[in-house]
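Text of the file input05.csv, holding CSV, C-alpha atoms and all ligand atoms:
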```csv
chain,number,residue,atom,x,y,z
X,1,MET,CA,35.7,36.8,32.3
X,2,SER,CA,38.8,36.2,30.1
X,3,LYS,CA,38.3,36.8,26.5
X,4,THR,CA,39.5,34.6,23.6
X,5,ILE,CA,41.1,36.0,20.5
X,6,GLU,CA,40.4,33.8,17.5
X,7,GLN,CA,43.3,33.3,15.0
X,8,ALA,CA,43.5,29.5,14.6
X,9,THR,CA,44.1,28.1,11.2
X,10,THR,CA,44.9,24.4,11.6
X,11,ASN,CA,44.2,21.6,14.0
X,12,VAL,CA,46.7,19.5,16.1
X,13,ALA,CA,46.5,15.9,17.1
X,14,PHE,CA,47.1,16.3,20.9
X,15,THR,CA,44.6,14.3,22.8
X,16,PRO,CA,43.1,15.0,26.2
X,17,TYR,CA,44.9,12.0,27.5
X,18,GLU,CA,48.3,13.5,26.6
X,19,ILE,CA,47.5,16.9,28.1
X,20,SER,CA,46.3,15.3,31.3
X,21,LEU,CA,49.7,13.4,31.5
X,22,CYS,CA,51.5,16.7,31.2
X,23,LEU,CA,49.4,18.4,33.9
X,24,HIS,CA,49.5,15.5,36.3
X,25,ASP,CA,53.2,14.8,35.9
X,26,VAL,CA,53.9,16.6,39.1
X,27,ARG,CA,57.7,16.6,39.1
X,28,ARG,CA,57.7,17.9,35.5
X,29,THR,CA,55.1,20.6,36.2
X,30,ARG,CA,56.9,21.7,39.4
X,31,MET,CA,60.2,22.2,37.6
X,32,TRP,CA,58.3,24.5,35.1
X,33,LYS,CA,56.7,26.4,38.0
X,34,GLU,CA,60.1,27.1,39.6
X,35,ALA,CA,61.6,28.2,36.2
X,36,ILE,CA,58.6,30.5,35.6
X,37,GLU,CA,59.0,32.0,39.1
X,38,ASP,CA,62.6,32.6,38.2
X,39,ALA,CA,61.8,34.3,34.9
X,40,VAL,CA,58.7,36.4,35.6
X,41,ARG,CA,59.0,39.8,37.4
X,42,PRO,CA,56.0,41.8,38.7
X,43,GLY,CA,54.2,43.6,35.9
X,44,ASP,CA,55.7,41.5,33.1
X,45,VAL,CA,53.7,40.6,29.9
X,46,VAL,CA,54.1,36.9,29.4
X,47,ILE,CA,53.4,34.5,26.5
X,48,ASP,CA,52.6,30.9,27.2
X,49,ALA,CA,52.8,29.3,23.7
X,50,GLY,CA,51.2,25.8,23.4
X,51,SER,CA,49.3,26.4,26.6
X,52,GLY,CA,47.4,23.1,26.9
X,53,THR,CA,45.4,23.3,30.1
X,54,GLY,CA,47.0,26.8,30.7
X,55,ILE,CA,48.8,25.7,33.8
X,56,LEU,CA,52.1,27.4,32.9
X,57,GLY,CA,50.2,30.7,32.1
X,58,VAL,CA,48.5,30.4,35.5
X,59,PHE,CA,51.9,30.0,37.1
X,60,ALA,CA,53.1,33.2,35.3
X,61,ALA,CA,50.0,35.2,36.5
X,62,MET,CA,50.6,33.9,40.0
X,63,ALA,CA,54.2,35.0,39.8
X,64,GLY,CA,53.1,38.6,39.2
X,65,ALA,CA,52.6,39.0,35.4
X,66,SER,CA,50.2,41.8,34.6
X,67,ARG,CA,49.1,40.1,31.4
X,68,VAL,CA,49.5,36.5,30.1
X,69,TYR,CA,48.7,35.5,26.6
X,70,CYS,CA,48.0,31.8,26.5
X,71,ILE,CA,48.2,30.6,22.8
X,72,GLU,CA,46.6,27.3,22.0
X,73,LEU,CA,45.7,25.7,18.7
X,74,HIS,CA,43.2,23.0,20.0
X,75,PRO,CA,39.7,24.4,20.6
X,76,ARG,CA,39.0,22.0,23.5
X,77,PHE,CA,42.0,23.2,25.5
X,78,VAL,CA,41.1,26.9,24.8
X,79,LYS,CA,37.9,26.2,26.9
X,80,LEU,CA,40.0,24.5,29.7
X,81,ILE,CA,42.4,27.5,29.9
X,82,GLU,CA,39.5,29.9,30.3
X,83,HIS,CA,38.0,27.6,33.0
X,84,LEU,CA,41.3,27.3,34.9
X,85,ALA,CA,41.8,31.1,34.8
X,86,GLU,CA,38.3,31.7,36.1
X,87,ARG,CA,38.5,29.1,38.9
X,88,ASN,CA,41.7,30.7,40.1
X,89,GLY,CA,40.5,34.3,40.0
X,90,LEU,CA,42.9,35.2,37.2
X,91,SER,CA,40.6,35.9,34.3
X,92,ASP,CA,41.4,39.5,34.3
X,93,LYS,CA,45.1,38.7,33.7
X,94,ILE,CA,44.9,35.8,31.2
X,95,THR,CA,43.9,36.3,27.6
X,96,VAL,CA,43.5,33.1,25.6
X,97,ILE,CA,44.5,33.2,21.9
X,98,HIS,CA,43.1,30.4,19.8
X,99,ALA,CA,45.8,30.4,17.2
X,100,ASP,CA,48.8,28.7,15.7
X,101,ALA,CA,51.8,29.9,17.7
X,102,THR,CA,54.1,29.7,14.7
X,103,THR,CA,52.1,32.4,12.9
X,104,VAL,CA,50.2,34.3,15.6
X,105,THR,CA,50.5,38.1,16.0
X,106,LEU,CA,50.1,39.4,19.5
X,107,PRO,CA,48.5,42.7,20.5
X,108,GLU,CA,51.6,43.8,22.4
X,109,ARG,CA,55.3,42.9,23.0
X,110,ALA,CA,56.2,40.5,25.9
X,111,ASP,CA,58.9,40.3,28.5
X,112,VAL,CA,58.8,36.5,29.0
X,113,LEU,CA,58.1,33.7,26.5
X,114,VAL,CA,57.3,30.3,28.1
X,115,SER,CA,56.8,27.4,25.7
X,116,GLU,CA,56.6,23.8,26.7
X,117,LEU,CA,56.7,21.9,23.4
X,118,LEU,CA,59.6,19.7,24.5
X,119,CYS,CA,60.0,16.3,23.0
X,120,THR,CA,63.2,14.3,23.2
X,121,GLY,CA,65.4,15.2,20.2
X,122,GLN,CA,62.8,17.9,19.4
X,123,PHE,CA,60.9,15.4,17.2
X,124,PHE,CA,57.1,15.7,16.8
X,125,GLU,CA,56.5,19.2,18.2
X,126,PRO,CA,57.3,22.7,16.7
X,127,GLN,CA,59.2,24.0,19.7
X,128,VAL,CA,61.9,25.7,17.6
X,129,GLN,CA,59.4,27.1,15.0
X,130,VAL,CA,57.3,28.6,17.8
X,131,ILE,CA,60.2,30.3,19.6
X,132,ASN,CA,61.7,31.5,16.3
X,133,HIS,CA,58.4,33.1,15.4
X,134,LEU,CA,57.5,34.6,18.8
X,135,ARG,CA,61.0,35.9,19.7
X,136,LYS,CA,60.3,38.7,17.2
X,137,GLN,CA,57.4,39.9,19.4
X,138,LEU,CA,59.5,40.2,22.6
X,139,ASN,CA,60.9,43.3,24.3
X,140,PRO,CA,64.7,43.8,24.4
X,141,GLY,CA,66.2,41.7,27.3
X,142,ALA,CA,63.2,39.4,27.4
X,143,ARG,CA,63.6,35.9,29.0
X,144,ILE,CA,62.8,32.7,27.2
X,145,VAL,CA,61.9,29.4,29.0
X,146,PRO,CA,63.5,27.0,27.9
X,147,GLN,CA,66.9,28.6,27.4
X,148,THR,CA,68.8,25.7,25.7
X,149,ILE,CA,68.2,22.1,24.7
X,150,ASN,CA,70.9,19.5,24.4
X,151,SER,CA,70.4,16.2,22.6
X,152,TYR,CA,72.6,13.1,22.9
X,153,ILE,CA,72.8,9.9,20.9
X,154,ARG,CA,74.3,6.4,21.4
X,155,LEU,CA,74.0,3.1,19.6
X,156,LEU,CA,71.7,0.4,21.0
X,157,ASP,CA,71.1,-3.3,20.7
X,158,ALA,CA,67.4,-2.9,21.1
X,159,GLN,CA,64.9,-5.4,22.4
X,160,GLU,CA,62.7,-6.3,19.5
X,161,MET,CA,60.7,-9.2,20.7
X,162,LEU,CA,57.6,-8.4,22.9
X,163,TYR,CA,54.6,-10.6,23.4
X,164,GLY,CA,56.2,-13.1,21.0
X,165,VAL,CA,56.1,-10.4,18.3
X,166,LYS,CA,59.0,-8.8,16.5
X,167,ILE,CA,58.4,-5.0,16.9
X,168,ASP,CA,61.1,-2.9,15.3
X,169,CYS,CA,59.0,-0.8,12.9
X,170,ASP,CA,58.6,2.4,14.9
X,171,SER,CA,60.4,4.5,17.5
X,172,ARG,CA,59.4,4.2,21.2
X,173,SER,CA,59.7,6.6,24.1
X,174,VAL,CA,60.5,3.9,26.5
X,175,VAL,CA,63.6,1.8,27.4
X,176,LEU,CA,62.9,-1.9,27.7
X,177,ASP,CA,64.7,-4.3,30.0
X,178,ASP,CA,66.8,-6.0,27.3
X,179,ASP,CA,67.8,-2.8,25.6
X,180,GLU,CA,71.7,-2.7,25.7
X,181,PRO,CA,73.7,0.4,25.0
X,182,VAL,CA,76.6,-0.7,22.8
X,183,SER,CA,78.5,2.6,22.2
X,184,THR,CA,79.7,5.7,23.9
X,185,ARG,CA,77.1,8.6,24.2
X,186,VAL,CA,77.7,11.9,22.5
X,187,LEU,CA,76.1,15.3,22.2
X,188,TYR,CA,74.8,15.7,18.7
X,189,ASP,CA,72.7,18.9,18.9
X,190,THR,CA,72.5,22.1,20.9
X,191,ILE,CA,69.6,24.5,20.5
X,192,ASP,CA,70.3,27.9,22.1
X,193,PHE,CA,67.2,30.1,22.2
X,194,SER,CA,69.2,33.3,22.8
X,195,ASP,CA,69.2,33.7,19.0
X,196,GLU,CA,67.0,32.6,16.1
X,197,HIS,CA,67.8,28.9,15.5
X,198,ARG,CA,68.1,26.9,12.2
X,199,LEU,CA,65.2,24.5,11.6
X,200,ILE,CA,67.1,21.3,10.8
X,201,VAL,CA,69.5,18.9,12.4
X,202,ASP,CA,72.1,17.8,10.0
X,203,THR,CA,75.3,16.5,11.6
X,204,THR,CA,77.7,13.6,11.8
X,205,VAL,CA,79.1,12.6,15.2
X,206,GLN,CA,81.5,9.9,16.3
X,207,VAL,CA,80.8,7.1,18.8
X,208,GLN,CA,83.0,4.3,19.9
X,209,ALA,CA,81.7,0.7,20.1
X,210,ARG,CA,81.8,-0.8,23.5
X,211,SER,CA,81.3,-4.4,22.4
X,212,THR,CA,81.3,-6.6,19.4
X,213,ARG,CA,77.6,-6.8,18.9
X,214,LEU,CA,74.7,-5.8,16.7
X,215,ALA,CA,73.5,-2.2,16.7
X,216,ASP,CA,69.9,-2.0,15.4
X,217,ALA,CA,68.8,1.3,17.0
X,218,VAL,CA,69.9,4.5,18.5
X,219,LEU,CA,69.0,5.9,21.9
X,220,VAL,CA,68.3,9.6,21.9
X,221,GLU,CA,68.2,11.6,25.1
X,222,GLY,CA,67.5,15.2,25.7
X,223,GLN,CA,68.0,17.8,28.4
X,224,ALA,CA,66.6,21.3,28.4
X,225,LEU,CA,67.8,24.2,30.6
X,226,LEU,CA,64.7,25.9,31.8
X,227,ALA,CA,66.4,28.5,34.1
X,228,PRO,CA,69.7,28.7,35.9
X,229,GLY,CA,70.1,25.4,37.8
X,230,ILE,CA,66.8,23.9,36.5
X,231,LYS,CA,67.4,21.2,34.0
X,232,THR,CA,64.8,18.7,32.7
X,233,TYR,CA,65.2,14.9,33.4
X,234,PRO,CA,63.0,12.0,32.6
X,235,THR,CA,59.9,12.3,34.8
X,236,ARG,CA,56.9,10.0,35.2
X,237,PHE,CA,55.6,10.6,31.7
X,238,LEU,CA,57.8,13.1,30.0
X,239,TYR,CA,61.3,13.6,28.6
X,240,ASN,CA,62.0,9.9,28.3
X,241,PRO,CA,64.7,8.6,26.0
X,242,GLU,CA,63.6,7.8,22.4
X,243,VAL,CA,64.6,4.5,20.9
X,244,ILE,CA,64.7,4.8,17.1
X,245,PHE,CA,65.3,1.7,15.0
X,246,LEU,CA,67.9,1.9,12.2
X,247,LYS,CA,66.8,1.0,8.7
X,248,GLU,CA,70.1,-0.8,8.3
X,249,PRO,CA,71.4,-2.5,11.5
X,250,LEU,CA,75.1,-3.3,11.6
X,251,GLU,CA,77.6,-5.5,13.5
X,252,LEU,CA,79.9,-3.4,15.6
X,253,ILE,CA,83.5,-4.2,16.5
X,254,ALA,CA,84.6,-3.4,20.0
X,255,GLY,CA,86.8,-0.3,20.2
X,256,GLN,CA,86.1,0.8,16.6
X,257,THR,CA,84.9,4.4,15.9
X,258,TYR,CA,81.6,4.9,14.0
X,259,ASP,CA,80.1,7.9,12.2
X,260,VAL,CA,76.5,8.5,13.1
X,261,HIS,CA,74.8,10.8,10.6
X,262,VAL,CA,71.7,12.4,11.9
X,263,ARG,CA,69.3,14.5,9.7
X,264,TYR,CA,65.7,15.7,10.4
X,265,PRO,CA,63.8,18.9,10.5
X,266,TYR,CA,62.8,19.8,14.1
X,267,GLY,CA,59.2,18.7,14.7
X,268,ALA,CA,59.5,15.8,12.3
X,269,ASP,CA,58.2,12.3,12.9
X,270,THR,CA,61.0,9.9,13.9
X,271,LEU,CA,59.9,7.7,11.0
X,272,ASP,CA,61.1,10.4,8.6
X,273,ALA,CA,64.5,11.0,10.3
X,274,THR,CA,67.7,9.8,8.5
X,275,ILE,CA,70.0,8.1,10.9
X,276,GLU,CA,72.9,6.2,9.2
X,277,VAL,CA,75.8,4.5,10.9
X,278,SER,CA,79.1,3.6,9.2
X,279,LYS,CA,82.7,2.8,10.1
X,280,HIS,CA,84.7,6.0,10.6
P,301,LIG,C1,53.2,19.3,25.4
P,301,LIG,S1,51.6,20.2,25.5
P,301,LIG,C2,52.0,21.3,26.8
P,301,LIG,C3,50.8,21.8,27.5
P,301,LIG,C4,51.2,22.8,28.7
P,301,LIG,N1,51.9,23.9,28.2
P,301,LIG,C5,51.9,22.2,29.8
P,301,LIG,O1,53.1,22.4,30.0
P,301,LIG,O2,51.2,21.4,30.5
P,301,LIG,C6,51.7,21.1,24.0
P,301,LIG,C7,50.4,21.9,23.7
P,301,LIG,O3,50.8,22.8,22.6
P,301,LIG,C8,49.7,22.8,21.7
P,301,LIG,N2,50.3,23.1,20.4
P,301,LIG,C9,51.0,22.3,19.6
P,301,LIG,N3,51.4,23.0,18.5
P,301,LIG,C10,50.9,24.2,18.6
P,301,LIG,C11,50.9,25.4,17.8
P,301,LIG,N4,51.6,25.4,16.6
P,301,LIG,N5,50.3,26.5,18.2
P,301,LIG,C12,49.6,26.5,19.4
P,301,LIG,N6,49.5,25.5,20.2
P,301,LIG,C13,50.1,24.3,19.8
P,301,LIG,C14,49.1,21.4,21.8
P,301,LIG,O4,47.7,21.4,21.4
P,301,LIG,C15,49.2,21.1,23.3
P,301,LIG,O5,48.1,21.6,24.0
```
Rendering of file as structure tokens:
Amino acid sequence: MSKTIEQATTNVAFTPYEISLCLHDVRRTRMWKEAIEDAVRPGDVVIDAGSGTGILGVFAAMAGASRVYCIELHPRFVKLIEHLAERNGLSDKITVIHADATTVTLPERADVLVSELLCTGQFFEPQVQVINHLRKQLNPGARIVPQTINSYIRLLDAQEMLYGVKIDCDSRSVVLDDDEPVSTRVLYDTIDFSDEHRLIVDTTVQVQARSTRLADAVLVEGQALLAPGIKTYPTRFLYNPEVIFLKEPLELIAGQTYDVHVRYPYGADTLDATIEVSKH
């Protein structure tokens, strides 16, 4: 029987629906399985931070880990992780820790840290905070999955009308048929987990307008490197581009260069991000 260590302090708003989408997004989950098989060596101690159903922790145990610490904040998923470990005969290897992965203290140092809190642009989820905190509890030479995350931005003339209603008040993780990219696409942020990372994006990048047209949104895309040769891409439910509406739309002139200023703390809501576009 696996044991649960209680350290939780706060609650998170992840729903069973969202966690089920993660688990049953087969292409997404297979790419993580492959990356974990690449990172874990027999006898390793592994951390799975933000464990959800515990599927990634189970992959680590199946790959030969001697001990896997599955850290999860939501009490409902803590029970699911225990169940999954037991059903797969891995309870003796998997220890569930009901805790906040940004503050938890582990009973021992680990050789591999796996954490799937990926969100396009690293909005909404504390991926950077979790890895910054847990990297201090790793052995020298430990592997971290993901290794790096790149984020890209371009200007968009976004489809606003849907169902006869003007909808431009929020971001959306879906590209609609009439969304039209209107500028070049540039890299605006790189996170490299080989070292502690800053907690905020604050940068200005340049894009070139492709047409004389309105830009009323930006399209943010992300790509994480999980292991050598294994990069994320939009799957059935996850890692989709994020369309974020600008507070101040502007008319572009074809060929003109524009500054795009982007500022938000990692994990922030897109509603709280500052994204400003002006002529270069
Ligand atoms: C995107 S899901 C990933 C689930 C699972 N690792 C997978 O790949 O299928 C993120 C999970 O992290 C948990 N989580 C979010 N913030 C957390 C935190 N600070 N500490 C521990 N767990 C957290 C959520 O409750 C959720 O179950």
Around ligand LIG 301 (chain P), out to 8 Å and counting all atoms listed in the file, which residues are there? I want them as number ranges by chain. X: 12-15, 18-20, 22-23, 29, 32, 48-56, 71-74, 77, 98-103, 115-119, 125-127, 130
Select all residues near (66.2, -5.0, 24.0) (cut-off 10 Å, inclusive, file coordinates), counting only C-alpha atoms, and output them as JSON, numbers by chain. {"X": [156, 157, 158, 159, 160, 161, 162, 175, 176, 177, 178, 179, 180, 181, 216, 217]}
Provide the atom CA of X:Ala65 to atom CA of X:Leu21 distance in Å, to one decimal place.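 Straight-line distance from atom CA of X:Ala65 to atom CA of X:Leu21 works out to 26.1 Å.
The coordinates place atom CA of X:Gly164 at 23.3 Å from atom CA of X:Leu250.
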Of the candidates X:Leu106, X:Leu90, X:Ile131, X:Met31, which shows the shortest atom-to-atom distance to X:Leu199, using all atoms listed in the file?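 Among X:Leu106, X:Leu90, X:Ile131, X:Met31, it is X:Ile131 that comes nearest to X:Leu199.
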Separation of atom CA of X:Leu219 from atom CA of X:Ile191 in Å: 18.7 Å
X:Asp202 proximity check over X:Asp44, X:Glu276, X:Glu221, X:Glu108, using all atoms listed in the file: winner is X:Glu276
Any idea what's packed within 9 Å of X:Asn132, counting all atoms listed in the file, ignoring anything in its chain fewer than 3 positions away? Could you give it as an mmCIF file with C-alpha atoms, in the coordinates of the input?
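Result went into out-v4.cif, see below:
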```cif
data_model
loop_
_atom_site.group_PDB
_atom_site.id
_atom_site.type_symbol
_atom_site.label_atom_id
_atom_site.label_comp_id
_atom_site.auth_asym_id
_atom_site.auth_seq_id
_atom_site.Cartn_x
_atom_site.Cartn_y
_atom_site.Cartn_z
ATOM 1 C CA THR X 102 54.100 29.700 14.700
ATOM 2 C CA GLN X 127 59.200 24.000 19.700
ATOM 3 C CA VAL X 128 61.900 25.700 17.600
ATOM 4 C CA GLN X 129 59.400 27.100 15.000
ATOM 5 C CA ARG X 135 61.000 35.900 19.700
ATOM 6 C CA LYS X 136 60.300 38.700 17.200
ATOM 7 C CA PHE X 193 67.200 30.100 22.200
ATOM 8 C CA ASP X 195 69.200 33.700 19.000
ATOM 9 C CA GLU X 196 67.000 32.600 16.100
ATOM 10 C CA HIS X 197 67.800 28.900 15.500
ATOM 11 C CA ARG X 198 68.100 26.900 12.200
#
```
Quick one: residues within 8 Å of X:Gly121, only C-alpha atoms counted, chain neighbours fewer than 6 positions away excluded, as a count of residues only? 6
Top pick for closest residue to X:Ala209, considering X:Ile149, X:Leu271, X:Val277, X:Leu84 and counting only C-alpha atoms: X:Val277
